[in-house]
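Undergrad: Below you'll find start-v4.cif; it's mmCIF, C-alpha atoms and all ligand atoms.
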data_model
loop_
_atom_site.group_PDB
_atom_site.id
_atom_site.type_symbol
_atom_site.label_atom_id
_atom_site.label_comp_id
_atom_site.auth_asym_id
_atom_site.auth_seq_id
_atom_site.Cartn_x
_atom_site.Cartn_y
_atom_site.Cartn_z
ATOM 1 C CA MET Y 235 33.369 -86.047 15.388
ATOM 2 C CA THR Y 236 34.315 -89.535 16.476
ATOM 3 C CA THR Y 237 32.827 -90.361 19.847
ATOM 4 C CA THR Y 238 33.745 -93.243 22.081
ATOM 5 C CA PRO Y 239 31.015 -95.577 23.312
ATOM 6 C CA ALA Y 240 31.424 -93.799 26.663
ATOM 7 C CA GLY Y 241 30.350 -90.600 24.945
ATOM 8 C CA SER Y 242 33.590 -88.659 25.247
ATOM 9 C CA SER Y 243 35.221 -87.058 22.253
ATOM 10 C CA GLY Y 244 38.848 -87.501 23.131
ATOM 11 C CA THR Y 245 41.817 -88.312 20.937
ATOM 12 C CA LEU Y 246 43.418 -91.683 20.442
ATOM 13 C CA ILE Y 247 47.152 -91.068 20.262
ATOM 14 C CA THR Y 248 49.117 -93.916 18.703
ATOM 15 C CA VAL Y 249 52.873 -93.876 18.917
ATOM 16 C CA ALA Y 250 54.888 -95.525 16.136
ATOM 17 C CA PRO Y 251 58.310 -95.361 17.799
ATOM 18 C CA THR Y 252 60.661 -97.248 15.473
ATOM 19 C CA GLY Y 253 59.447 -98.295 12.006
ATOM 20 C CA ALA Y 254 61.563 -100.219 9.537
ATOM 21 C CA GLU Y 255 63.140 -97.417 7.539
ATOM 22 C CA HIS Y 256 65.509 -95.428 9.783
ATOM 23 C CA ALA Y 257 68.942 -96.892 10.501
ATOM 24 C CA LYS Y 258 70.189 -96.891 14.083
ATOM 25 C CA ALA Y 259 73.545 -95.691 12.747
ATOM 26 C CA ASP Y 260 71.866 -92.540 11.388
ATOM 27 C CA VAL Y 261 69.435 -92.031 14.286
ATOM 28 C CA PRO Y 262 71.067 -93.460 17.436
ATOM 29 C CA GLN Y 263 68.148 -92.308 19.632
ATOM 30 C CA LEU Y 264 65.746 -94.583 17.671
ATOM 31 C CA PRO Y 265 64.471 -97.260 20.094
ATOM 32 C CA THR Y 266 65.550 -100.628 18.673
ATOM 33 C CA THR Y 267 66.500 -102.865 21.626
ATOM 34 C CA LEU Y 268 63.862 -104.520 23.804
ATOM 35 C CA GLU Y 269 64.869 -102.330 26.753
ATOM 36 C CA GLU Y 270 64.621 -99.157 24.670
ATOM 37 C CA VAL Y 271 61.234 -100.164 23.271
ATOM 38 C CA VAL Y 272 59.801 -100.962 26.711
ATOM 39 C CA ASP Y 273 61.163 -97.722 28.179
ATOM 40 C CA THR Y 274 59.708 -95.834 25.204
ATOM 41 C CA ALA Y 275 56.326 -97.512 25.668
ATOM 42 C CA ARG Y 276 56.231 -96.512 29.353
ATOM 43 C CA ARG Y 277 57.236 -92.921 28.665
ATOM 44 C CA CYS Y 278 54.802 -92.531 25.779
ATOM 45 C CA GLU Y 279 51.925 -93.931 27.828
ATOM 46 C CA ALA Y 280 52.741 -91.387 30.543
ATOM 47 C CA ALA Y 281 52.763 -88.635 27.889
ATOM 48 C CA GLY Y 282 49.292 -89.538 26.548
ATOM 49 C CA ALA Y 283 49.597 -92.422 24.092
ATOM 50 C CA SER Y 284 47.083 -95.259 24.320
ATOM 51 C CA MET Y 285 48.259 -97.469 21.441
ATOM 52 C CA ILE Y 286 51.720 -98.455 20.204
ATOM 53 C CA HIS Y 287 52.452 -99.515 16.597
ATOM 54 C CA LEU Y 288 55.493 -101.775 16.726
ATOM 55 C CA HIS Y 289 58.149 -102.866 14.267
ATOM 56 C CA VAL Y 290 60.822 -105.049 15.819
ATOM 57 C CA ARG Y 291 64.593 -104.983 15.206
ATOM 58 C CA ASP Y 292 67.210 -107.738 15.554
ATOM 59 C CA ALA Y 293 70.514 -107.714 17.472
ATOM 60 C CA GLU Y 294 72.081 -105.689 14.628
ATOM 61 C CA HIS Y 295 69.177 -103.194 14.792
ATOM 62 C CA ALA Y 296 67.847 -104.367 11.416
ATOM 63 C CA PRO Y 297 64.093 -104.922 10.890
ATOM 64 C CA THR Y 298 63.009 -108.483 11.626
ATOM 65 C CA LEU Y 299 59.817 -110.536 11.629
ATOM 66 C CA ASP Y 300 61.341 -113.230 13.810
ATOM 67 C CA GLY Y 301 58.444 -114.779 15.748
ATOM 68 C CA ARG Y 302 60.363 -115.138 19.023
ATOM 69 C CA ARG Y 303 61.426 -111.504 19.054
ATOM 70 C CA LEU Y 304 57.924 -110.328 18.142
ATOM 71 C CA ARG Y 305 56.367 -112.380 20.933
ATOM 72 C CA GLU Y 306 58.976 -111.215 23.463
ATOM 73 C CA THR Y 307 58.321 -107.585 22.542
ATOM 74 C CA VAL Y 308 54.524 -107.887 22.691
ATOM 75 C CA ASP Y 309 54.753 -109.626 26.090
ATOM 76 C CA ALA Y 310 57.218 -107.100 27.519
ATOM 77 C CA VAL Y 311 55.225 -104.040 26.418
ATOM 78 C CA ARG Y 312 52.005 -105.637 27.685
ATOM 79 C CA GLU Y 313 53.663 -106.379 31.023
ATOM 80 C CA ALA Y 314 55.042 -102.842 31.418
ATOM 81 C CA THR Y 315 52.069 -100.792 30.174
ATOM 82 C CA ASP Y 316 48.330 -100.826 29.446
ATOM 83 C CA LEU Y 317 48.882 -99.667 25.870
ATOM 84 C CA VAL Y 318 46.965 -101.348 23.070
ATOM 85 C CA VAL Y 319 49.719 -103.332 21.337
ATOM 86 C CA GLN Y 320 49.612 -103.207 17.551
ATOM 87 C CA LEU Y 321 52.132 -105.113 15.438
ATOM 88 C CA SER Y 322 53.042 -104.014 11.947
ATOM 89 C CA THR Y 323 52.242 -106.562 9.251
ATOM 90 C CA GLY Y 324 53.821 -104.194 6.731
ATOM 91 C CA GLY Y 325 57.307 -104.949 7.998
ATOM 92 C CA SER Y 326 59.926 -103.575 5.667
ATOM 93 C CA VAL Y 327 59.567 -103.347 1.874
ATOM 94 C CA HIS Y 328 61.880 -106.383 1.623
ATOM 95 C CA ASP Y 329 59.767 -108.773 3.726
ATOM 96 C CA PRO Y 330 57.992 -111.594 1.849
ATOM 97 C CA LEU Y 331 54.192 -111.653 2.037
ATOM 98 C CA GLU Y 332 54.036 -115.144 3.635
ATOM 99 C CA GLN Y 333 56.306 -114.025 6.466
ATOM 100 C CA ARG Y 334 54.239 -110.900 7.058
ATOM 101 C CA LEU Y 335 51.227 -113.138 7.766
ATOM 102 C CA THR Y 336 53.128 -114.921 10.556
ATOM 103 C CA VAL Y 337 53.181 -111.739 12.658
ATOM 104 C CA LEU Y 338 49.756 -112.627 14.073
ATOM 105 C CA GLY Y 339 51.348 -115.608 15.845
ATOM 106 C CA ALA Y 340 52.692 -113.148 18.442
ATOM 107 C CA GLU Y 341 49.096 -112.427 19.542
ATOM 108 C CA PRO Y 342 48.982 -108.637 19.333
ATOM 109 C CA ASP Y 343 45.777 -106.762 20.231
ATOM 110 C CA SER Y 344 45.787 -105.113 16.834
ATOM 111 C CA CYS Y 345 47.654 -105.367 13.533
ATOM 112 C CA SER Y 346 48.169 -102.988 10.664
ATOM 113 C CA LEU Y 347 46.584 -103.963 7.343
ATOM 114 C CA THR Y 348 47.595 -101.758 4.436
ATOM 115 C CA CYS Y 349 44.865 -101.492 1.816
ATOM 116 C CA GLY Y 350 46.951 -101.513 -1.351
ATOM 117 C CA THR Y 351 50.320 -101.507 -3.049
ATOM 118 C CA THR Y 352 52.211 -98.216 -2.887
ATOM 119 C CA ASN Y 353 55.312 -96.800 -4.458
ATOM 120 C CA PHE Y 354 57.608 -96.202 -1.493
ATOM 121 C CA GLY Y 355 60.456 -93.932 -2.572
ATOM 122 C CA ASP Y 356 62.607 -96.114 -4.852
ATOM 123 C CA ASP Y 357 60.884 -99.263 -3.574
ATOM 124 C CA VAL Y 358 57.423 -100.824 -3.756
ATOM 125 C CA PHE Y 359 55.387 -101.669 -0.652
ATOM 126 C CA LEU Y 360 53.461 -104.703 -1.872
ATOM 127 C CA ASN Y 361 49.882 -105.387 -0.737
ATOM 128 C CA PRO Y 362 48.000 -107.290 -3.446
ATOM 129 C CA TRP Y 363 44.325 -108.162 -2.948
ATOM 130 C CA PRO Y 364 44.835 -111.892 -2.087
ATOM 131 C CA PHE Y 365 47.290 -110.914 0.668
ATOM 132 C CA MET Y 366 44.983 -108.260 2.149
ATOM 133 C CA SER Y 367 42.086 -110.673 2.018
ATOM 134 C CA GLU Y 368 44.011 -113.497 3.697
ATOM 135 C CA LEU Y 369 45.343 -111.186 6.404
ATOM 136 C CA TYR Y 370 41.842 -109.848 7.048
ATOM 137 C CA LEU Y 371 40.441 -113.350 7.559
ATOM 138 C CA LEU Y 372 43.404 -114.515 9.627
ATOM 139 C CA ALA Y 373 43.112 -111.480 11.914
ATOM 140 C CA ARG Y 374 39.437 -112.209 12.496
ATOM 141 C CA GLU Y 375 40.149 -115.885 13.201
ATOM 142 C CA ARG Y 376 42.874 -114.895 15.730
ATOM 143 C CA GLU Y 377 40.652 -112.195 17.304
ATOM 144 C CA VAL Y 378 43.050 -109.409 16.368
ATOM 145 C CA VAL Y 379 41.623 -105.988 15.460
ATOM 146 C CA PRO Y 380 43.023 -104.672 12.172
ATOM 147 C CA GLU Y 381 43.902 -101.028 11.681
ATOM 148 C CA PHE Y 382 43.409 -100.256 7.996
ATOM 149 C CA GLU Y 383 46.359 -98.218 6.723
ATOM 150 C CA LEU Y 384 45.484 -95.954 3.813
ATOM 151 C CA PHE Y 385 48.516 -94.561 1.993
ATOM 152 C CA ASP Y 386 46.523 -93.322 -0.981
ATOM 153 C CA LEU Y 387 42.946 -92.483 -1.917
ATOM 154 C CA GLY Y 388 42.642 -95.668 -4.000
ATOM 155 C CA HIS Y 389 43.141 -97.634 -0.782
ATOM 156 C CA VAL Y 390 39.667 -96.561 0.328
ATOM 157 C CA HIS Y 391 38.326 -98.692 -2.523
ATOM 158 C CA ALA Y 392 40.133 -101.793 -1.228
ATOM 159 C CA LEU Y 393 38.795 -101.140 2.281
ATOM 160 C CA ARG Y 394 35.279 -100.983 0.822
ATOM 161 C CA ARG Y 395 35.936 -104.274 -1.013
ATOM 162 C CA LEU Y 396 37.241 -106.009 2.143
ATOM 163 C CA LEU Y 397 34.144 -104.974 4.107
ATOM 164 C CA ASP Y 398 31.761 -105.953 1.298
ATOM 165 C CA THR Y 399 33.469 -109.301 0.729
ATOM 166 C CA HIS Y 400 34.089 -110.403 4.309
ATOM 167 C CA GLY Y 401 31.879 -108.338 6.619
ATOM 168 C CA LEU Y 402 33.091 -106.608 9.782
ATOM 169 C CA PRO Y 403 36.464 -107.410 11.386
ATOM 170 C CA PHE Y 404 36.894 -108.863 14.890
ATOM 171 C CA GLY Y 405 35.448 -106.508 17.502
ATOM 172 C CA GLY Y 406 32.869 -105.049 15.108
ATOM 173 C CA ARG Y 407 34.623 -101.659 14.836
ATOM 174 C CA VAL Y 408 36.442 -100.320 11.809
ATOM 175 C CA HIS Y 409 39.456 -98.130 12.587
ATOM 176 C CA VAL Y 410 41.441 -96.521 9.791
ATOM 177 C CA ASP Y 411 44.774 -94.687 9.734
ATOM 178 C CA PHE Y 412 45.749 -92.352 6.891
ATOM 179 C CA VAL Y 413 49.505 -92.408 6.306
ATOM 180 C CA ALA Y 414 50.089 -89.247 4.305
ATOM 181 C CA GLY Y 415 53.332 -88.092 2.770
ATOM 182 C CA VAL Y 416 55.148 -91.302 1.777
ATOM 183 C CA PRO Y 417 56.938 -90.490 -1.517
ATOM 184 C CA GLY Y 418 54.591 -92.262 -3.952
ATOM 185 C CA GLY Y 419 51.462 -92.033 -1.802
ATOM 186 C CA MET Y 420 48.950 -89.292 -1.003
ATOM 187 C CA PRO Y 421 50.506 -85.952 -0.036
ATOM 188 C CA ALA Y 422 50.601 -84.859 3.600
ATOM 189 C CA SER Y 423 48.173 -82.014 3.015
ATOM 190 C CA PRO Y 424 44.870 -81.161 4.703
ATOM 191 C CA GLN Y 425 43.213 -81.216 1.270
ATOM 192 C CA ALA Y 426 44.286 -84.800 0.506
ATOM 193 C CA LEU Y 427 43.396 -85.960 4.009
ATOM 194 C CA LEU Y 428 39.910 -84.500 3.888
ATOM 195 C CA ALA Y 429 39.334 -85.944 0.391
ATOM 196 C CA GLY Y 430 40.037 -89.356 1.913
ATOM 197 C CA VAL Y 431 37.860 -88.764 4.954
ATOM 198 C CA VAL Y 432 34.765 -87.934 2.903
ATOM 199 C CA MET Y 433 35.257 -91.147 0.885
ATOM 200 C CA LEU Y 434 35.329 -93.455 3.922
ATOM 201 C CA PRO Y 435 32.660 -96.183 3.989
ATOM 202 C CA PRO Y 436 29.906 -95.722 6.594
ATOM 203 C CA GLU Y 437 31.146 -98.781 8.528
ATOM 204 C CA VAL Y 438 34.227 -96.808 9.639
ATOM 205 C CA THR Y 439 33.853 -96.031 13.353
ATOM 206 C CA SER Y 440 37.070 -94.064 13.865
ATOM 207 C CA TRP Y 441 39.981 -92.758 11.838
ATOM 208 C CA SER Y 442 43.376 -91.340 12.578
ATOM 209 C CA ALA Y 443 46.119 -89.748 10.530
ATOM 210 C CA THR Y 444 49.852 -89.348 10.456
ATOM 211 C CA GLY Y 445 51.937 -87.085 8.275
ATOM 212 C CA ILE Y 446 55.387 -88.203 7.231
ATOM 213 C CA GLY Y 447 58.261 -85.782 7.834
ATOM 214 C CA ARG Y 448 57.422 -82.097 7.586
ATOM 215 C CA GLY Y 449 53.786 -82.940 6.861
ATOM 216 C CA HIS Y 450 53.178 -84.181 10.374
ATOM 217 C CA LEU Y 451 52.026 -80.871 11.874
ATOM 218 C CA PRO Y 452 49.582 -79.850 9.091
ATOM 219 C CA VAL Y 453 48.138 -83.372 9.099
ATOM 220 C CA MET Y 454 47.844 -83.351 12.898
ATOM 221 C CA ALA Y 455 45.988 -80.042 12.897
ATOM 222 C CA ALA Y 456 43.683 -81.084 10.053
ATOM 223 C CA ALA Y 457 42.905 -84.460 11.622
ATOM 224 C CA LEU Y 458 42.062 -82.970 15.000
ATOM 225 C CA SER Y 459 39.880 -80.295 13.413
ATOM 226 C CA ALA Y 460 37.975 -82.877 11.388
ATOM 227 C CA GLY Y 461 37.310 -85.230 14.326
ATOM 228 C CA GLY Y 462 40.146 -87.659 13.621
ATOM 229 C CA HIS Y 463 42.697 -89.272 15.884
ATOM 230 C CA LEU Y 464 46.485 -89.095 15.721
ATOM 231 C CA ARG Y 465 49.519 -91.234 15.101
ATOM 232 C CA VAL Y 466 52.940 -89.756 15.851
ATOM 233 C CA GLY Y 467 56.409 -91.186 16.353
ATOM 234 C CA MET Y 468 59.897 -91.614 14.978
ATOM 235 C CA GLU Y 469 58.729 -94.161 12.390
ATOM 236 C CA ASP Y 470 57.140 -91.208 10.602
ATOM 237 C CA ASN Y 471 59.178 -88.222 11.668
ATOM 238 C CA VAL Y 472 62.546 -87.707 13.380
ATOM 239 C CA VAL Y 473 62.519 -83.879 13.412
ATOM 240 C CA LEU Y 474 60.692 -81.979 16.143
ATOM 241 C CA SER Y 475 61.002 -78.591 14.469
ATOM 242 C CA ARG Y 476 63.321 -77.088 11.881
ATOM 243 C CA GLY Y 477 66.872 -78.136 12.823
ATOM 244 C CA VAL Y 478 65.797 -79.850 16.072
ATOM 245 C CA PRO Y 479 65.956 -83.649 16.039
ATOM 246 C CA VAL Y 480 63.506 -85.690 18.079
ATOM 247 C CA ARG Y 481 65.433 -86.938 21.125
ATOM 248 C CA HIS Y 482 62.703 -89.247 22.361
ATOM 249 C CA ASN Y 483 59.336 -90.381 21.051
ATOM 250 C CA ASP Y 484 57.596 -89.004 24.139
ATOM 251 C CA GLU Y 485 58.324 -85.464 22.889
ATOM 252 C CA LEU Y 486 56.114 -86.132 19.864
ATOM 253 C CA VAL Y 487 53.399 -87.728 22.002
ATOM 254 C CA ALA Y 488 53.490 -84.871 24.536
ATOM 255 C CA ARG Y 489 53.126 -82.276 21.779
ATOM 256 C CA ALA Y 490 50.224 -84.175 20.193
ATOM 257 C CA ALA Y 491 48.546 -84.438 23.608
ATOM 258 C CA GLU Y 492 49.015 -80.714 24.194
ATOM 259 C CA VAL Y 493 47.534 -79.709 20.838
ATOM 260 C CA ALA Y 494 44.646 -82.164 21.244
ATOM 261 C CA THR Y 495 43.907 -80.842 24.721
ATOM 262 C CA LEU Y 496 43.985 -77.234 23.464
ATOM 263 C CA LEU Y 497 41.400 -78.250 20.865
ATOM 264 C CA GLN Y 498 39.187 -79.748 23.598
ATOM 265 C CA ARG Y 499 39.996 -83.270 22.450
ATOM 266 C CA PRO Y 500 42.241 -84.570 25.276
ATOM 267 C CA PRO Y 501 44.003 -87.944 24.978
ATOM 268 C CA LEU Y 502 41.858 -91.030 25.455
ATOM 269 C CA SER Y 503 42.842 -93.294 28.323
ATOM 270 C CA THR Y 504 43.958 -96.793 27.408
ATOM 271 C CA ALA Y 505 40.616 -98.120 28.692
ATOM 272 C CA GLU Y 506 38.710 -95.700 26.425
ATOM 273 C CA ALA Y 507 40.941 -96.645 23.493
ATOM 274 C CA ARG Y 508 40.304 -100.375 24.082
ATOM 275 C CA MET Y 509 36.569 -99.738 24.086
ATOM 276 C CA MET Y 510 36.656 -97.563 20.970
ATOM 277 C CA LEU Y 511 38.725 -100.095 18.993
ATOM 278 C CA GLY Y 512 36.935 -103.192 20.279
ATOM 279 C CA VAL Y 513 40.139 -105.060 21.172
ATOM 280 C CA ARG Y 514 40.139 -108.254 23.213
ATOM 281 C CA ASP Y 515 41.755 -107.908 26.644
ATOM 282 C CA ARG Y 516 44.819 -110.156 26.623
ATOM 283 C CA ARG Y 517 46.460 -108.659 29.723
ATOM 284 C CA ARG Y 518 47.216 -111.068 32.551
ATOM 285 C CA ARG Y 519 46.227 -108.829 35.492
HETATM 286 N N1 LIG Y 601 57.578 -100.067 6.589
HETATM 287 C C1 LIG Y 601 56.642 -99.881 5.542
HETATM 288 C C2 LIG Y 601 57.113 -100.564 4.294
HETATM 289 C C3 LIG Y 601 52.876 -100.957 8.401
HETATM 290 O O1 LIG Y 601 53.522 -100.871 9.442
HETATM 291 O O2 LIG Y 601 51.966 -101.755 8.260
HETATM 292 C C4 LIG Y 601 55.296 -100.392 5.885
HETATM 293 C C5 LIG Y 601 54.678 -99.873 7.109
HETATM 294 C C6 LIG Y 601 53.227 -100.084 7.238
HETATM 295 O O3 LIG Y 601 55.307 -99.327 8.008
HETATM 296 ZN ZN ZN Y 602 54.621 -99.242 10.407
#
Would you write the structure of this file as structure tokens?
TA:
Amino acid sequence: MTTTPAGSSGTLITVAPTGAEHAKADVPQLPTTLEEVVDTARRCEAAGASMIHLHVRDAEHAPTLDGRRLRETVDAVREATDLVVQLSTGGSVHDPLEQRLTVLGAEPDSCSLTCGTTNFGDDVFLNPWPFMSELYLLAREREVVPEFELFDLGHVHALRRLLDTHGLPFGGRVHVDFVAGVPGGMPASPQALLAGVVMLPPEVTSWSATGIGRGHLPVMAAALSAGGHLRVGMEDNVVLSRGVPVRHNDELVARAAEVATLLQRPPLSTAEARMMLGVRDRRRR
């Protein structure tokens, strides 16, 4: 069971509200504007989230890595909430590697760092070793805490290699997130998740999991039972239950908080999450 330095055994709930894959035209309730993202952040914090994983959209609601928009979004969410602000460095499958490195210029608390290339439906989500390695070092230099995204069991090997080659990341903690159920990656099954968990290097201090689509509930239950934390949100899943679309990300956060509380693992506060992840406090309050 993951314990926080304070000794509690609560659950870190990360919300991934937007992602880069769903089109606003198909899912109009997807938060894509700055106002929608800030409102979503506030509501999800109230529902039990303590970290937000952000992808940013442009005026046409298309994924963008524009530095000004990223900075504006990080600042606005930080101003409106106490959430740990994590920016995606994965972007969309079409983003060039060099541009994905520029994300750190927006000074997030945390950034995603995917530990390997993955087939992603008909596309390829590219993460070659030199890119991972450069991002790892850049994050440490900028005092940003990486969250290691594992889409497949082979990604555990790359995590091991990053730690062996470069030592610990900024903050001294190692937080991992299993993303299970991408077509081409590990399946969203308890069996696959637990196979990954037992392979984790001893340096890992906390891990979470998210299941894509219909896998989100089995993965949530398995992760909580095995001492893991949770990521939920419309990036990963836009269906609340069979035939019922998610209307707002806070529904997914509220359900995760309810299940976690039932299992005696209530949501961590933002202060507890900051301590567990070892993030630097960049809030101006
Ligand atoms: N949109 C995916 C291609 C991340 O945020 O780092 C990559 C992704 C992972 O969502
Ligand atoms: Zn993402």
Undergrad: Distance limit 10 Å, reference ligand ZN 602 (chain Y), atoms considered: only C-alpha atoms and all ligand atoms. Which residues make the cut? Give them as a PDB file with C-alpha atoms, in the frame of the given file.
TA:
ATOM      1  CA  ALA Y 250      54.888 -95.525  16.136  1.00  0.00           C
ATOM      2  CA  PRO Y 251      58.310 -95.361  17.799  1.00  0.00           C
ATOM      3  CA  THR Y 252      60.661 -97.248  15.473  1.00  0.00           C
ATOM      4  CA  GLY Y 253      59.447 -98.295  12.006  1.00  0.00           C
ATOM      5  CA  ALA Y 254      61.563-100.219   9.537  1.00  0.00           C
ATOM      6  CA  GLU Y 255      63.140 -97.417   7.539  1.00  0.00           C
ATOM      7  CA  HIS Y 287      52.452 -99.515  16.597  1.00  0.00           C
ATOM      8  CA  LEU Y 288      55.493-101.775  16.726  1.00  0.00           C
ATOM      9  CA  HIS Y 289      58.149-102.866  14.267  1.00  0.00           C
ATOM     10  CA  GLN Y 320      49.612-103.207  17.551  1.00  0.00           C
ATOM     11  CA  LEU Y 321      52.132-105.113  15.438  1.00  0.00           C
ATOM     12  CA  SER Y 322      53.042-104.014  11.947  1.00  0.00           C
ATOM     13  CA  THR Y 323      52.242-106.562   9.251  1.00  0.00           C
ATOM     14  CA  GLY Y 324      53.821-104.194   6.731  1.00  0.00           C
ATOM     15  CA  GLY Y 325      57.307-104.949   7.998  1.00  0.00           C
ATOM     16  CA  SER Y 326      59.926-103.575   5.667  1.00  0.00           C
ATOM     17  CA  CYS Y 345      47.654-105.367  13.533  1.00  0.00           C
ATOM     18  CA  SER Y 346      48.169-102.988  10.664  1.00  0.00           C
ATOM     19  CA  LEU Y 347      46.584-103.963   7.343  1.00  0.00           C
ATOM     20  CA  THR Y 348      47.595-101.758   4.436  1.00  0.00           C
ATOM     21  CA  GLU Y 383      46.359 -98.218   6.723  1.00  0.00           C
ATOM     22  CA  VAL Y 413      49.505 -92.408   6.306  1.00  0.00           C
ATOM     23  CA  GLU Y 469      58.729 -94.161  12.390  1.00  0.00           C
ATOM     24  CA  ASP Y 470      57.140 -91.208  10.602  1.00  0.00           C
TER      25      ASP Y 470
END
Undergrad: Please put the answer as AutoDock Vina command-line options: centre and edge lengths, in Å with one decimal, of a box along x, y and z that encloses all listed atoms of segment 372-386 of chain Y plus 6 Å on each side.
TA:
--center_x 44.0 --center_y -104.6 --center_z 8.2 --size_x 21.1 --size_y 34.6 --size_z 30.3
Undergrad: Using all atoms listed in the file, can you tell me which of Y:Gly449, Y:Gly388, Y:Gly467, Y:Pro435 comes closest to ligand LIG 601 (chain Y)?
TA: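 Among Y:Gly449, Y:Gly388, Y:Gly467, Y:Pro435, it is Y:Gly467 that comes nearest to ligand LIG 601 (chain Y).
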Undergrad: Mind giving me the straight-line distance from atom CA of Ser442 of chain Y to atom CA of Gly462 of chain Y in Å, one decimal?
TA: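 These atoms are spaced 5.0 Å apart.
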Undergrad: Please build the interface table for segment 419-510 of chain Y against segment 271-276 of chain Y with a cut-off of 10 Å, listing for each qualifying residue the nearest atom pair and the distance in Å to one decimal; count all atoms listed in the file, order rows by chain and increasing number, and write it as CSV.
TA:
residue,atom,partner,partner_atom,distance
Y:His482,CA,Y:Thr274,CA,7.8
Y:Asn483,CA,Y:Thr274,CA,6.9
Y:Asp484,CA,Y:Thr274,CA,7.2
Undergrad: Determine the residue set returned by the PyMOL selection byres (((chain Y and resi 330-342) around 6) and not hetatm) for the present structure, and present it as JSON, numbers by chain.
TA: {"Y": [304, 305, 319, 320, 323, 329, 343, 344]}
Undergrad: Compare Y:Gly419, Y:Gly512, Y:Gly430, Y:Pro436 by their minimum atom-to-atom distance to Ala457 of chain Y, counting all atoms listed in the file, and give me the closest one.
TA: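 Once distances to Ala457 of chain Y are computed over all atoms listed in the file, the minimum belongs to Y:Gly430.
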Undergrad: Which residues, written as a list of chain:residue names, have at least one atom at most 9 Å from Asp357 of chain Y, with only C-alpha atoms counted and residues fewer than 5 positions away on the same chain left out?
TA: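 The residues that qualify are Y:Val327, Y:His328, Y:Thr352.
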Undergrad: Might you spell out which residues the PyMOL selection byres (((chain Y and resi 316) around 10) and not hetatm) would select in the displayed file, as a ChimeraX atom specification?
TA: /Y:275-276,279,284-285,311-315,317-319,503-505,508,517
Undergrad: Between Y:Arg465, Y:Arg303, Y:Arg407, Y:His400, which has the minimum distance to ligand LIG 601 (chain Y) (counting all atoms listed in the file)?
TA: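 Among Y:Arg465, Y:Arg303, Y:Arg407, Y:His400, it is Y:Arg465 that comes nearest to ligand LIG 601 (chain Y).
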Undergrad: List every protein, DNA or RNA residue that has at least one atom no more than 12 Å from (42.2, -110.8, 4.0) in the file's coordinates, counting all atoms listed in the file, and write the result as a PyMOL selection string.
TA: chain Y and resi 335+346-350+361-375+380+382+392-393+395-403
Undergrad: Could you tell me which residues the PyMOL selection byres (((chain Y and resi 414) around 7) and not hetatm) returns for this structure, as an MDAnalysis selection string?
TA: chainID Y and resid 385 412:413 415:416 419:422 444:446
Undergrad: Could you state the separation of atom CA of Pro452 of chain Y and atom CA of Ser475 of chain Y in Å, given to one decimal place?
TA: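 Computing it gives 12.7 Å between the two atoms.
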Undergrad: Between Y:Gly418, Y:Pro479, Y:Gly461, Y:Pro262, which is the closest to ligand LIG 601 (chain Y) once you count all atoms listed in the file?
TA: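 The answer is Y:Gly418, which sits nearest to ligand LIG 601 (chain Y).
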Undergrad: Please report the interatomic distance between atom O2 of ligand LIG 601 (chain Y) and atom CA of Thr307 of chain Y in Å with one decimal.
TA: 16.7 Å
Undergrad: Considering all atoms listed in the file, state which residue in the set Y:Pro424, Y:Pro501, Y:Pro417, Y:Gly406 is at the smallest distance from Thr439 of chain Y.
TA: Y:Gly406
Undergrad: Would you mind putting back N, CA and C atoms on segment 427-436 of chain Y, then writing it out as a PDB file, in the frame of the given file?
TA:
ATOM      1  N   LEU Y 427      43.965 -85.223   2.874  1.00  0.00           N
ATOM      2  CA  LEU Y 427      43.396 -85.960   4.009  1.00  0.00           C
ATOM      3  C   LEU Y 427      41.870 -85.869   3.998  1.00  0.00           C
ATOM      4  N   LEU Y 428      41.368 -84.676   3.832  1.00  0.00           N
ATOM      5  CA  LEU Y 428      39.910 -84.500   3.888  1.00  0.00           C
ATOM      6  C   LEU Y 428      39.219 -85.172   2.699  1.00  0.00           C
ATOM      7  N   ALA Y 429      39.903 -85.216   1.541  1.00  0.00           N
ATOM      8  CA  ALA Y 429      39.334 -85.944   0.391  1.00  0.00           C
ATOM      9  C   ALA Y 429      39.166 -87.418   0.761  1.00  0.00           C
ATOM     10  N   GLY Y 430      40.133 -87.962   1.485  1.00  0.00           N
ATOM     11  CA  GLY Y 430      40.037 -89.356   1.913  1.00  0.00           C
ATOM     12  C   GLY Y 430      38.938 -89.553   2.940  1.00  0.00           C
ATOM     13  N   VAL Y 431      38.846 -88.630   3.873  1.00  0.00           N
ATOM     14  CA  VAL Y 431      37.860 -88.764   4.954  1.00  0.00           C
ATOM     15  C   VAL Y 431      36.436 -88.805   4.391  1.00  0.00           C
ATOM     16  N   VAL Y 432      36.143 -87.951   3.424  1.00  0.00           N
ATOM     17  CA  VAL Y 432      34.765 -87.934   2.903  1.00  0.00           C
ATOM     18  C   VAL Y 432      34.443 -89.193   2.091  1.00  0.00           C
ATOM     19  N   MET Y 433      35.485 -89.910   1.660  1.00  0.00           N
ATOM     20  CA  MET Y 433      35.257 -91.147   0.885  1.00  0.00           C
ATOM     21  C   MET Y 433      35.078 -92.375   1.767  1.00  0.00           C
ATOM     22  N   LEU Y 434      35.330 -92.259   3.058  1.00  0.00           N
ATOM     23  CA  LEU Y 434      35.329 -93.455   3.922  1.00  0.00           C
ATOM     24  C   LEU Y 434      33.960 -94.137   3.934  1.00  0.00           C
ATOM     25  N   PRO Y 435      33.940 -95.462   3.913  1.00  0.00           N
ATOM     26  CA  PRO Y 435      32.660 -96.183   3.989  1.00  0.00           C
ATOM     27  C   PRO Y 435      31.964 -95.916   5.331  1.00  0.00           C
ATOM     28  N   PRO Y 436      30.644 -96.030   5.366  1.00  0.00           N
ATOM     29  CA  PRO Y 436      29.906 -95.722   6.594  1.00  0.00           C
ATOM     30  C   PRO Y 436      30.234 -96.666   7.751  1.00  0.00           C
TER      31      PRO Y 436
END
